[in-house]
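The next block is final-v3.cif, given as mmCIF, C-alpha atoms.
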data_query
#
loop_
_atom_site.group_PDB
_atom_site.id
_atom_site.type_symbol
_atom_site.label_atom_id
_atom_site.label_comp_id
_atom_site.auth_asym_id
_atom_site.auth_seq_id
_atom_site.Cartn_x
_atom_site.Cartn_y
_atom_site.Cartn_z
ATOM 1 C CA MET A 1 -56.480 113.589 46.562
ATOM 2 C CA ILE A 2 -53.337 111.908 45.187
ATOM 3 C CA LYS A 3 -52.929 114.802 42.745
ATOM 4 C CA ASN A 4 -53.076 117.269 45.634
ATOM 5 C CA PHE A 5 -50.505 115.226 47.546
ATOM 6 C CA SER A 6 -48.151 115.343 44.536
ATOM 7 C CA ILE A 7 -48.641 119.076 44.130
ATOM 8 C CA ASN A 8 -47.824 119.563 47.802
ATOM 9 C CA LYS A 9 -44.561 117.635 47.382
ATOM 10 C CA ILE A 10 -43.632 119.801 44.396
ATOM 11 C CA VAL A 11 -44.321 122.950 46.431
ATOM 12 C CA VAL A 12 -42.114 121.754 49.302
ATOM 13 C CA THR A 13 -39.312 120.841 46.870
ATOM 14 C CA SER A 14 -39.556 124.237 45.161
ATOM 15 C CA VAL A 15 -39.392 126.083 48.477
ATOM 16 C CA SER A 16 -36.343 124.016 49.501
ATOM 17 C CA LEU A 17 -34.600 124.908 46.206
ATOM 18 C CA PHE A 18 -35.409 128.584 46.747
ATOM 19 C CA LEU A 19 -33.864 128.455 50.215
ATOM 20 C CA LEU A 20 -30.666 126.889 48.869
ATOM 21 C CA LEU A 21 -30.369 129.691 46.305
ATOM 22 C CA LEU A 22 -31.047 132.245 49.035
ATOM 23 C CA PHE A 23 -28.205 130.856 51.146
ATOM 24 C CA TYR A 24 -25.868 130.881 48.127
ATOM 25 C CA PHE A 25 -26.490 134.392 46.871
ATOM 26 C CA PHE A 26 -27.286 136.137 50.190
ATOM 27 C CA PRO A 27 -25.275 134.498 52.963
ATOM 28 C CA SER A 28 -25.874 137.240 55.544
ATOM 29 C CA ASP A 29 -27.142 136.642 59.067
ATOM 30 C CA ASN A 30 -30.426 138.450 58.405
ATOM 31 C CA ASN A 31 -31.273 136.253 55.437
ATOM 32 C CA LEU A 32 -30.268 133.201 57.446
ATOM 33 C CA ASP A 33 -32.926 134.049 60.046
ATOM 34 C CA ILE A 34 -35.549 134.455 57.329
ATOM 35 C CA ALA A 35 -34.589 131.170 55.689
ATOM 36 C CA LEU A 36 -34.770 129.253 58.964
ATOM 37 C CA GLU A 37 -38.217 130.661 59.672
ATOM 38 C CA VAL A 38 -39.538 129.612 56.247
ATOM 39 C CA THR A 39 -37.954 126.158 56.590
ATOM 40 C CA HIS A 40 -39.811 125.648 59.873
ATOM 41 C CA GLU A 41 -43.106 126.560 58.228
ATOM 42 C CA THR A 42 -42.613 124.035 55.421
ATOM 43 C CA LYS A 43 -42.462 121.254 58.030
ATOM 44 C CA GLY A 44 -46.193 121.628 58.477
ATOM 45 C CA GLU A 45 -48.306 121.427 61.612
ATOM 46 C CA LYS A 46 -47.560 119.282 64.640
ATOM 47 C CA GLU A 47 -49.834 116.233 64.521
ATOM 48 C CA VAL A 48 -50.293 113.039 66.547
ATOM 49 C CA VAL A 49 -49.928 109.487 65.238
ATOM 50 C CA TYR A 50 -49.925 106.156 67.058
ATOM 51 C CA LEU A 51 -47.170 103.616 66.331
ATOM 52 C CA MET A 52 -45.922 100.539 68.208
ATOM 53 C CA ASP A 53 -42.830 100.694 70.403
ATOM 54 C CA ILE A 54 -40.292 97.900 70.930
ATOM 55 C CA ASP A 55 -42.298 96.556 73.886
ATOM 56 C CA GLY A 56 -45.454 96.186 71.812
ATOM 57 C CA TYR A 57 -47.295 99.234 73.172
ATOM 58 C CA ILE A 58 -49.227 101.503 70.830
ATOM 59 C CA SER A 59 -47.690 104.881 71.613
ATOM 60 C CA LYS A 60 -48.798 108.487 71.199
ATOM 61 C CA LEU A 61 -46.193 110.337 69.136
ATOM 62 C CA GLU A 62 -45.854 113.754 67.550
ATOM 63 C CA THR A 63 -44.615 114.526 64.055
ATOM 64 C CA TYR A 64 -44.995 117.334 61.517
ATOM 65 C CA ILE A 65 -47.452 116.974 58.655
ATOM 66 C CA SER A 66 -48.056 119.497 55.882
ATOM 67 C CA SER A 67 -51.583 119.006 54.522
ATOM 68 C CA LEU A 68 -53.978 120.896 52.276
ATOM 69 C CA ASN A 69 -57.212 119.829 53.988
ATOM 70 C CA LEU A 70 -58.648 117.195 56.353
ATOM 71 C CA GLU A 71 -58.720 114.481 53.663
ATOM 72 C CA ASP A 72 -55.086 115.127 52.807
ATOM 73 C CA GLU A 73 -54.177 115.069 56.519
ATOM 74 C CA ILE A 74 -55.892 111.683 56.958
ATOM 75 C CA TYR A 75 -54.131 110.336 53.878
ATOM 76 C CA LYS A 76 -50.725 111.343 55.207
ATOM 77 C CA LYS A 77 -51.407 110.027 58.710
ATOM 78 C CA ILE A 78 -52.491 106.662 57.335
ATOM 79 C CA ASN A 79 -49.411 106.619 55.117
ATOM 80 C CA ILE A 80 -47.280 106.960 58.286
ATOM 81 C CA LEU A 81 -49.156 103.987 59.766
ATOM 82 C CA ILE A 82 -48.102 102.031 56.649
ATOM 83 C CA GLU A 83 -44.598 103.294 55.916
ATOM 84 C CA GLY A 84 -43.495 104.717 59.264
ATOM 85 C CA ASP A 85 -41.901 108.106 59.915
ATOM 86 C CA GLU A 86 -38.195 108.872 59.430
ATOM 87 C CA THR A 87 -38.227 111.021 62.578
ATOM 88 C CA LEU A 88 -39.667 108.122 64.629
ATOM 89 C CA LYS A 89 -37.316 105.336 63.583
ATOM 90 C CA ASN A 90 -37.660 103.287 66.772
ATOM 91 C CA PHE A 91 -41.420 102.903 66.327
ATOM 92 C CA ILE A 92 -43.225 100.374 64.164
ATOM 93 C CA PRO A 93 -46.155 101.031 61.765
ATOM 94 C CA LEU A 94 -48.894 98.411 62.013
ATOM 95 C CA ILE A 95 -50.671 98.509 58.649
ATOM 96 C CA PRO A 96 -48.875 95.999 56.374
ATOM 97 C CA LYS A 97 -46.491 97.544 53.851
ATOM 98 C CA GLY A 98 -47.865 97.480 50.330
ATOM 99 C CA THR A 99 -51.357 98.442 51.523
ATOM 100 C CA LYS A 100 -52.924 101.117 49.318
ATOM 101 C CA ILE A 101 -55.555 103.690 50.183
ATOM 102 C CA ASN A 102 -58.290 103.300 47.563
ATOM 103 C CA SER A 103 -60.425 106.162 48.816
ATOM 104 C CA ILE A 104 -61.264 108.412 51.742
ATOM 105 C CA LYS A 105 -64.785 109.690 52.301
ATOM 106 C CA ILE A 106 -65.608 112.242 55.001
ATOM 107 C CA GLU A 107 -69.185 112.943 56.037
ATOM 108 C CA ASN A 108 -69.722 115.240 59.033
ATOM 109 C CA ASP A 109 -67.606 113.675 61.831
ATOM 110 C CA LYS A 110 -67.404 110.260 60.136
ATOM 111 C CA VAL A 111 -64.668 108.953 57.853
ATOM 112 C CA THR A 112 -64.744 105.852 55.671
ATOM 113 C CA ILE A 113 -61.417 104.539 54.401
ATOM 114 C CA ASP A 114 -61.233 101.898 51.674
ATOM 115 C CA PHE A 115 -57.966 99.900 51.728
ATOM 116 C CA SER A 116 -56.508 97.436 49.268
ATOM 117 C CA LYS A 117 -56.527 93.722 50.174
ATOM 118 C CA GLU A 118 -52.925 93.889 51.439
ATOM 119 C CA ILE A 119 -54.256 95.150 54.774
ATOM 120 C CA LEU A 120 -55.447 91.583 55.387
ATOM 121 C CA ASN A 121 -51.805 90.459 55.627
ATOM 122 C CA VAL A 122 -51.592 91.830 59.169
ATOM 123 C CA THR A 123 -50.337 89.252 61.674
ATOM 124 C CA LYS A 124 -52.528 87.735 64.373
ATOM 125 C CA ASN A 125 -50.551 89.480 67.110
ATOM 126 C CA ASN A 126 -50.948 92.884 65.464
ATOM 127 C CA GLU A 127 -54.443 92.844 63.941
ATOM 128 C CA GLU A 128 -56.219 94.362 66.953
ATOM 129 C CA LYS A 129 -53.328 96.744 67.627
ATOM 130 C CA MET A 130 -53.612 97.905 64.015
ATOM 131 C CA LEU A 131 -57.254 98.864 64.581
ATOM 132 C CA GLU A 132 -56.322 100.689 67.782
ATOM 133 C CA ALA A 133 -53.606 102.663 65.992
ATOM 134 C CA ILE A 134 -55.977 103.651 63.174
ATOM 135 C CA ILE A 135 -58.795 104.649 65.533
ATOM 136 C CA PHE A 136 -56.701 106.716 67.922
ATOM 137 C CA THR A 137 -54.696 108.386 65.148
ATOM 138 C CA LEU A 138 -57.735 109.532 63.186
ATOM 139 C CA THR A 139 -59.930 110.512 66.156
ATOM 140 C CA GLN A 140 -57.168 112.603 67.725
ATOM 141 C CA THR A 141 -58.793 115.582 66.003
ATOM 142 C CA ASP A 142 -62.247 116.743 67.117
ATOM 143 C CA GLU A 143 -63.302 116.717 63.454
ATOM 144 C CA ILE A 144 -63.434 112.905 63.333
ATOM 145 C CA ASN A 145 -65.310 110.798 65.901
ATOM 146 C CA GLU A 146 -66.417 107.715 63.961
ATOM 147 C CA ILE A 147 -64.498 105.446 61.572
ATOM 148 C CA TYR A 148 -65.610 102.869 59.012
ATOM 149 C CA LEU A 149 -63.143 100.624 57.200
ATOM 150 C CA LYS A 150 -63.506 98.827 53.881
ATOM 151 C CA VAL A 151 -61.333 96.457 51.857
ATOM 152 C CA ASP A 152 -61.697 96.857 48.082
ATOM 153 C CA GLY A 153 -65.194 98.266 48.496
ATOM 154 C CA LYS A 154 -66.492 95.732 51.029
ATOM 155 C CA LEU A 155 -66.953 96.459 54.735
ATOM 156 C CA PHE A 156 -64.002 95.206 56.781
ATOM 157 C CA ASN A 157 -66.274 93.310 59.189
ATOM 158 C CA GLU A 158 -63.926 90.821 60.869
ATOM 159 C CA LEU A 159 -60.273 90.554 61.788
ATOM 160 C CA PRO A 160 -58.511 88.307 59.254
ATOM 161 C CA ASN A 161 -56.848 85.888 61.699
ATOM 162 C CA SER A 162 -58.961 85.668 64.857
ATOM 163 C CA LYS A 163 -62.203 86.276 62.907
ATOM 164 C CA LYS A 164 -63.309 88.636 65.659
ATOM 165 C CA ILE A 165 -66.299 90.699 64.511
ATOM 166 C CA ILE A 166 -65.624 94.425 64.066
ATOM 167 C CA ASN A 167 -68.544 96.456 65.407
ATOM 168 C CA TYR A 168 -69.146 99.833 63.750
ATOM 169 C CA PRO A 169 -68.792 102.688 64.173
ATOM 170 C CA LEU A 170 -65.242 102.476 65.501
ATOM 171 C CA THR A 171 -64.633 105.098 68.195
ATOM 172 C CA ARG A 172 -62.106 105.690 70.968
ATOM 173 C CA ASN A 173 -64.357 103.580 73.171
ATOM 174 C CA TYR A 174 -62.733 100.612 71.394
ATOM 175 C CA GLY A 175 -59.799 101.081 73.779
ATOM 176 C CA ILE A 176 -56.048 100.806 73.299
ATOM 177 C CA ASN A 177 -53.346 98.599 74.841
ATOM 178 C CA LYS A 178 -56.234 96.948 76.686
ATOM 179 C CA GLU A 179 -55.761 95.316 80.092
ATOM 180 C CA TYR A 180 -58.576 93.224 81.572
ATOM 181 C CA ASP A 181 -59.526 92.795 85.224
ATOM 182 C CA ILE A 182 -63.076 91.482 85.022
ATOM 183 C CA THR A 183 -64.934 88.679 86.767
ATOM 184 C CA ASN A 184 -68.245 89.028 84.916
ATOM 185 C CA LEU A 185 -69.854 90.895 82.044
ATOM 186 C CA ASN A 186 -71.902 93.251 84.231
ATOM 187 C CA ASN A 187 -71.032 96.875 85.022
ATOM 188 C CA ILE A 188 -67.918 96.907 82.862
ATOM 189 C CA THR A 189 -65.929 100.141 83.047
ATOM 190 C CA LYS A 190 -63.328 101.297 80.505
ATOM 191 C CA THR A 191 -60.821 103.883 81.694
ATOM 192 C CA THR A 192 -57.903 104.985 79.530
ATOM 193 C CA VAL A 193 -54.851 106.083 81.515
ATOM 194 C CA TYR A 194 -51.713 107.700 80.048
ATOM 195 C CA PHE A 195 -48.270 106.589 81.202
ATOM 196 C CA VAL A 196 -44.813 107.858 80.282
ATOM 197 C CA LYS A 197 -41.997 105.823 78.734
ATOM 198 C CA GLU A 198 -38.409 106.761 78.014
ATOM 199 C CA ASN A 199 -36.798 106.672 74.586
ATOM 200 C CA GLU A 200 -33.127 107.284 73.892
ATOM 201 C CA ASP A 201 -33.870 110.861 72.801
ATOM 202 C CA PHE A 202 -37.187 111.788 74.409
ATOM 203 C CA ASN A 203 -40.081 110.737 76.608
ATOM 204 C CA TYR A 204 -43.321 109.623 75.007
ATOM 205 C CA TYR A 205 -46.728 108.593 76.280
ATOM 206 C CA VAL A 206 -48.619 105.308 76.216
ATOM 207 C CA PRO A 207 -52.406 105.108 76.761
ATOM 208 C CA VAL A 208 -53.656 101.928 78.457
ATOM 209 C CA THR A 209 -57.365 101.096 78.645
ATOM 210 C CA LYS A 210 -58.208 99.415 81.941
ATOM 211 C CA ILE A 211 -61.314 97.223 81.619
ATOM 212 C CA SER A 212 -62.793 96.188 84.957
ATOM 213 C CA ASN A 213 -65.954 95.677 87.007
ATOM 214 C CA THR A 214 -65.094 98.427 89.454
ATOM 215 C CA SER A 215 -67.745 100.908 90.554
ATOM 216 C CA SER A 216 -65.148 103.585 91.328
ATOM 217 C CA GLU A 217 -65.233 106.973 89.633
ATOM 218 C CA LYS A 218 -62.915 107.271 86.641
ATOM 219 C CA ILE A 219 -60.886 110.026 88.306
ATOM 220 C CA ASP A 220 -60.192 107.709 91.267
ATOM 221 C CA ILE A 221 -59.191 104.887 88.901
ATOM 222 C CA ILE A 222 -56.825 107.231 87.043
ATOM 223 C CA ILE A 223 -54.991 108.431 90.157
ATOM 224 C CA LYS A 224 -54.805 104.924 91.620
ATOM 225 C CA GLU A 225 -53.362 103.459 88.413
ATOM 226 C CA LEU A 226 -50.844 106.273 87.986
ATOM 227 C CA LYS A 227 -49.659 105.968 91.585
ATOM 228 C CA SER A 228 -49.177 102.211 91.241
ATOM 229 C CA SER A 229 -47.389 102.425 87.875
ATOM 230 C CA VAL A 230 -43.944 102.392 89.522
ATOM 231 C CA ASN A 231 -44.588 98.755 90.421
ATOM 232 C CA TYR A 232 -45.169 97.679 86.822
ATOM 233 C CA GLN A 233 -42.606 95.537 85.047
ATOM 234 C CA SER A 234 -43.431 97.070 81.671
ATOM 235 C CA ASN A 235 -41.353 100.282 81.834
ATOM 236 C CA LEU A 236 -44.513 102.356 82.226
ATOM 237 C CA ASN A 237 -44.265 105.225 84.677
ATOM 238 C CA SER A 238 -46.008 108.396 85.795
ATOM 239 C CA TYR A 239 -43.628 110.016 88.315
ATOM 240 C CA LEU A 240 -46.483 110.386 90.809
ATOM 241 C CA SER A 241 -45.571 110.132 94.472
ATOM 242 C CA ASN A 242 -47.196 107.299 96.426
ATOM 243 C CA ASN A 243 -48.051 109.938 99.034
ATOM 244 C CA LEU A 244 -50.091 111.954 96.561
ATOM 245 C CA ASN A 245 -53.766 112.265 97.435
ATOM 246 C CA LEU A 246 -56.620 113.730 95.432
ATOM 247 C CA ASP A 247 -58.475 115.525 98.225
ATOM 248 C CA ASP A 248 -61.336 116.781 96.091
ATOM 249 C CA TYR A 249 -62.357 117.778 92.577
ATOM 250 C CA GLU A 250 -64.881 120.094 90.941
ATOM 251 C CA ILE A 251 -66.358 119.592 87.474
ATOM 252 C CA THR A 252 -67.848 122.479 85.510
ATOM 253 C CA LYS A 253 -69.086 122.548 81.925
ATOM 254 C CA ASP A 254 -65.650 122.918 80.327
ATOM 255 C CA ALA A 255 -63.123 122.230 83.091
ATOM 256 C CA ILE A 256 -62.228 120.011 86.001
ATOM 257 C CA ASN A 257 -60.397 121.401 89.030
ATOM 258 C CA LEU A 258 -58.264 118.752 90.784
ATOM 259 C CA ILE A 259 -57.419 119.545 94.389
ATOM 260 C CA PHE A 260 -54.345 117.616 95.571
ATOM 261 C CA ASN A 261 -52.251 117.548 98.706
ATOM 262 C CA GLU A 262 -48.731 119.013 98.645
ATOM 263 C CA TYR A 263 -47.246 115.858 97.116
ATOM 264 C CA ILE A 264 -48.398 117.024 93.701
ATOM 265 C CA PHE A 265 -45.244 119.165 93.722
ATOM 266 C CA ASP A 266 -41.824 117.934 92.736
ATOM 267 C CA ASP A 267 -40.407 120.823 94.723
ATOM 268 C CA ILE A 268 -42.759 122.048 97.467
ATOM 269 C CA SER A 269 -40.762 125.211 98.143
ATOM 270 C CA GLU A 270 -41.126 126.303 94.498
ATOM 271 C CA GLU A 271 -44.596 124.773 93.976
ATOM 272 C CA LYS A 272 -43.346 123.091 90.824
ATOM 273 C CA ILE A 273 -45.219 120.216 89.165
ATOM 274 C CA LEU A 274 -43.235 117.885 86.909
ATOM 275 C CA GLU A 275 -44.223 118.005 83.236
ATOM 276 C CA GLU A 276 -44.631 114.211 83.213
ATOM 277 C CA VAL A 277 -46.997 114.403 86.191
ATOM 278 C CA LYS A 278 -49.071 117.149 84.569
ATOM 279 C CA TYR A 279 -49.219 115.296 81.261
ATOM 280 C CA THR A 280 -50.157 111.822 82.547
ATOM 281 C CA ILE A 281 -52.893 113.211 84.787
ATOM 282 C CA SER A 282 -54.281 115.806 82.369
ATOM 283 C CA GLN A 283 -54.303 113.574 79.289
ATOM 284 C CA SER A 284 -55.959 110.776 81.258
ATOM 285 C CA ILE A 285 -58.633 113.216 82.432
ATOM 286 C CA LEU A 286 -59.185 114.691 78.957
ATOM 287 C CA GLU A 287 -59.496 111.171 77.515
ATOM 288 C CA ASN A 288 -62.257 110.178 79.946
ATOM 289 C CA TYR A 289 -64.135 113.406 80.660
ATOM 290 C CA LYS A 290 -65.748 115.834 78.220
ATOM 291 C CA VAL A 291 -63.852 118.876 79.424
ATOM 292 C CA LYS A 292 -61.420 121.225 77.716
ATOM 293 C CA GLU A 293 -59.211 122.154 80.672
ATOM 294 C CA VAL A 294 -57.622 120.416 83.645
ATOM 295 C CA ILE A 295 -56.791 122.713 86.575
ATOM 296 C CA PHE A 296 -54.240 121.708 89.212
ATOM 297 C CA SER A 297 -54.850 123.115 92.688
ATOM 298 C CA THR A 298 -54.234 122.461 96.368
ATOM 299 C CA LYS A 299 -56.375 123.447 99.339
ATOM 300 C CA GLU A 300 -54.023 126.328 99.970
ATOM 301 C CA LYS A 301 -53.733 127.616 96.413
ATOM 302 C CA ASN A 302 -56.137 127.474 93.487
ATOM 303 C CA ASN A 303 -55.235 127.249 89.791
ATOM 304 C CA ILE A 304 -51.517 126.551 90.131
ATOM 305 C CA GLU A 305 -51.351 125.065 86.624
ATOM 306 C CA THR A 306 -53.881 124.703 83.799
ATOM 307 C CA VAL A 307 -53.615 122.260 80.913
ATOM 308 C CA SER A 308 -55.881 122.791 77.895
ATOM 309 C CA LYS A 309 -56.939 120.279 75.297
ATOM 310 C CA LEU A 310 -54.799 120.826 72.210
ATOM 311 C CA TYR A 311 -56.029 118.242 69.698
#

Turn this file's structure into structure tokens for me.
Amino acid sequence: MIKNFSINKIVVTSVSLFLLLLFYFFPSDNNLDIALEVTHETKGEKEVVYLMDIDGYISKLETYISSLNLEDEIYKKINILIEGDETLKNFIPLIPKGTKINSIKIENDKVTIDFSKEILNVTKNNEEKMLEAIIFTLTQTDEINEIYLKVDGKLFNELPNSKKIINYPLTRNYGINKEYDITNLNNITKTTVYFVKENEDFNYYVPVTKISNTSSEKIDIIIKELKSSVNYQSNLNSYLSNNLNLDDYEITKDAINLIFNEYIFDDISEEKILEEVKYTISQSILENYKVKEVIFSTKEKNNIETVSKLY
């Protein structure tokens, strides 16, 4: 695996050198277009990683990763969780620096990662957030659903500071940025809702797992939480109008059709839905329901917008 990673770096360096020579010897506009296209390809595929923002939220972020296979992709994603990403300078990696990846083993939809003992240097405040970042980063692809962690060959079975037991397999059901509103241990519901935050250069999204005793349907919890987000003091938002109502919804095998009133539109005359509104609703739905598409409709017009699951 490490050999493959080194070879990949050599390939990228060689391609970069070739492009420099191409610019030097053939500085025409046509060759410039070709060179730019090749440069874009060497960036790799757009992938998702989870890093911590300045407010302590584990955040969903996109970067480019060039990988040879799934094992190589996992290696490079974990390396970002250790070293960070130069394109995401305002976000913090949560695995302690100096941590090494001893091995990666993939079996069906399960991955086992063996870390060096430096991972145990994680602080008390970050140890659970570190697990959340690892889980959500690696299970972002449909190819991985379950995660097992080891430290120098031994199962990583408790958090180093709080001594909280880690129950395997680790899945997205573990939750992320967890908020609790429970009065007892019966009928506990976990609903992960995506909010939007603003960075200096771009907007990004923060998933928050609401843990409560409510008997409400997850779709009702999602809309309620997104509508009330403007009252939060944590810079989380959704851009949903307080007048928005979910009048009805229909679930099929692969899709869910959400039927809203006219306040789903940012501009009613143009029937335009804000990107932030589409994203927070659709990603929250896709996180909690086993569907591949979220359809936005009103009673007057069906299938105004459709958002498909990308990762």

| Separation of atom CA of Ile259 of chain A from atom CA of Val193 of chain A, in Å and rounded to one decimal |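 One can read the atom CA of Ile259 of chain A to atom CA of Val193 of chain A distance as 18.8 Å.
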
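The interatomic distance for the pair atom CA of Asn303 of chain A and atom CA of Leu258 of chain A works out to 9.1 Å.
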
| field | Expected selection from the PyMOL selection byres ((chain A and resi 60) around 9), given as a PyMOL selection string | value | chain A and resi 48-52+58-59+61-62+136-137+204-207

Atoms to include: C-alpha atoms. Write the selected residues as a short mmCIF file (atom, residue, chain, number, x, y, z; two decimals), keeping the file's coordinate frame.
data_model
loop_
_atom_site.label_atom_id
_atom_site.label_comp_id
_atom_site.auth_asym_id
_atom_site.auth_seq_id
_atom_site.Cartn_x
_atom_site.Cartn_y
_atom_site.Cartn_z
CA VAL A 48 -50.29 113.04 66.55
CA VAL A 49 -49.93 109.49 65.24
CA TYR A 50 -49.92 106.16 67.06
CA LEU A 51 -47.17 103.62 66.33
CA MET A 52 -45.92 100.54 68.21
CA ILE A 58 -49.23 101.50 70.83
CA SER A 59 -47.69 104.88 71.61
CA LEU A 61 -46.19 110.34 69.14
CA GLU A 62 -45.85 113.75 67.55
CA PHE A 136 -56.70 106.72 67.92
CA THR A 137 -54.70 108.39 65.15
CA TYR A 204 -43.32 109.62 75.01
CA TYR A 205 -46.73 108.59 76.28
CA VAL A 206 -48.62 105.31 76.22
CA PRO A 207 -52.41 105.11 76.76
#

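Relative to atom CA of Ile281 of chain A, atom CA of Lys227 of chain A is found at 10.4 Å.
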
| request: Kindly indicate which residue among A:Glu300, A:Glu128, A:Glu200, A:Glu73 lies nearest to Glu143 of chain A, using all atoms listed in the file for the distances. | output: A:Glu73

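When the distance limit is 9 Å and all atoms listed in the file are what count, the residues near Ser238 of chain A, minus those fewer than 5 positions from it on the same chain, are Tyr194, Phe195, Val196, Lys197, Leu226, Lys227, Ser228, Ser229, Val230, Glu276, Val277, Tyr279, Thr280 and Ile281 of chain A.
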
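Counting only C-alpha atoms, the residue from A:Ser67, A:Asn243, A:Thr87, A:Asn177 that sits nearest to Asp55 of chain A is A:Asn177.
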
| Could you list as a ChimeraX atom specification every residue that has an atom within 9 Å of (-68.9, 107.6, 67.6), using the file's coordinates and counting all atoms listed in the file? | /A:109-110,144-147,168-173

| message | For a quick check of your reading of the model, name the residues lying within 7 Å of the coordinate (-55.8, 98.6, 76.0), counting only C-alpha atoms, and write them as JSON, numbers by chain. | response | {"A": [175, 176, 177, 178, 179, 208, 209, 210]}

| field | Residues near Pro93 of chain A, cut-off 6 Å, only C-alpha atoms, skip fewer than 6 positions along chain, as a PyMOL selection string | value | chain A and resi 51+81-82+84

Decode the PyMOL selection byres ((chain A and resi 113-116) around 9) for the given file into explicit residues and return them as a CSV table (one decimal) with C-alpha atoms, in the coordinates of the input.
chain,number,residue,atom,x,y,z
A,98,GLY,CA,-47.9,97.5,50.3
A,99,THR,CA,-51.4,98.4,51.5
A,100,LYS,CA,-52.9,101.1,49.3
A,101,ILE,CA,-55.6,103.7,50.2
A,102,ASN,CA,-58.3,103.3,47.6
A,103,SER,CA,-60.4,106.2,48.8
A,104,ILE,CA,-61.3,108.4,51.7
A,105,LYS,CA,-64.8,109.7,52.3
A,106,ILE,CA,-65.6,112.2,55.0
A,111,VAL,CA,-64.7,109.0,57.9
A,112,THR,CA,-64.7,105.9,55.7
A,117,LYS,CA,-56.5,93.7,50.2
A,118,GLU,CA,-52.9,93.9,51.4
A,119,ILE,CA,-54.3,95.2,54.8
A,120,LEU,CA,-55.4,91.6,55.4
A,147,ILE,CA,-64.5,105.4,61.6
A,148,TYR,CA,-65.6,102.9,59.0
A,149,LEU,CA,-63.1,100.6,57.2
A,150,LYS,CA,-63.5,98.8,53.9
A,151,VAL,CA,-61.3,96.5,51.9
A,152,ASP,CA,-61.7,96.9,48.1
A,153,GLY,CA,-65.2,98.3,48.5
A,154,LYS,CA,-66.5,95.7,51.0
A,155,LEU,CA,-67.0,96.5,54.7
A,156,PHE,CA,-64.0,95.2,56.8

| Contacts of Leu286 of chain A at 10 Å (all atoms listed in the file; same-chain gap of 4+ positions) as an MDAnalysis selection string | chainID A and resid 192:193 255:256 281:282 290:294 307:309

| message | Could you check the closest approach to Glu198 of chain A for each of A:Glu107, A:Leu131, A:Asn235, A:Glu86 and tell me which residue wins, using only C-alpha atoms? | response | A:Asn235

| field | Matched chain/residue IDs from the PyMOL selection byres ((chain A and resi 126) around 10), as a list of chain:residue names | value |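 Evaluating the PyMOL selection byres ((chain A and resi 126) around 10) on these coordinates yields A:Met52, A:Gly56, A:Leu94, A:Ile95, A:Pro96, A:Val122, A:Thr123, A:Lys124, A:Asn125, A:Glu127, A:Glu128, A:Lys129, A:Met130, A:Leu131, A:Glu132, A:Asn161.
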
| message | From the options A:Ile78, A:Ile182, A:Leu88, A:Ile65, which residue's atoms come nearest to Asp201 of chain A, counting all atoms listed in the file? | response | A:Leu88
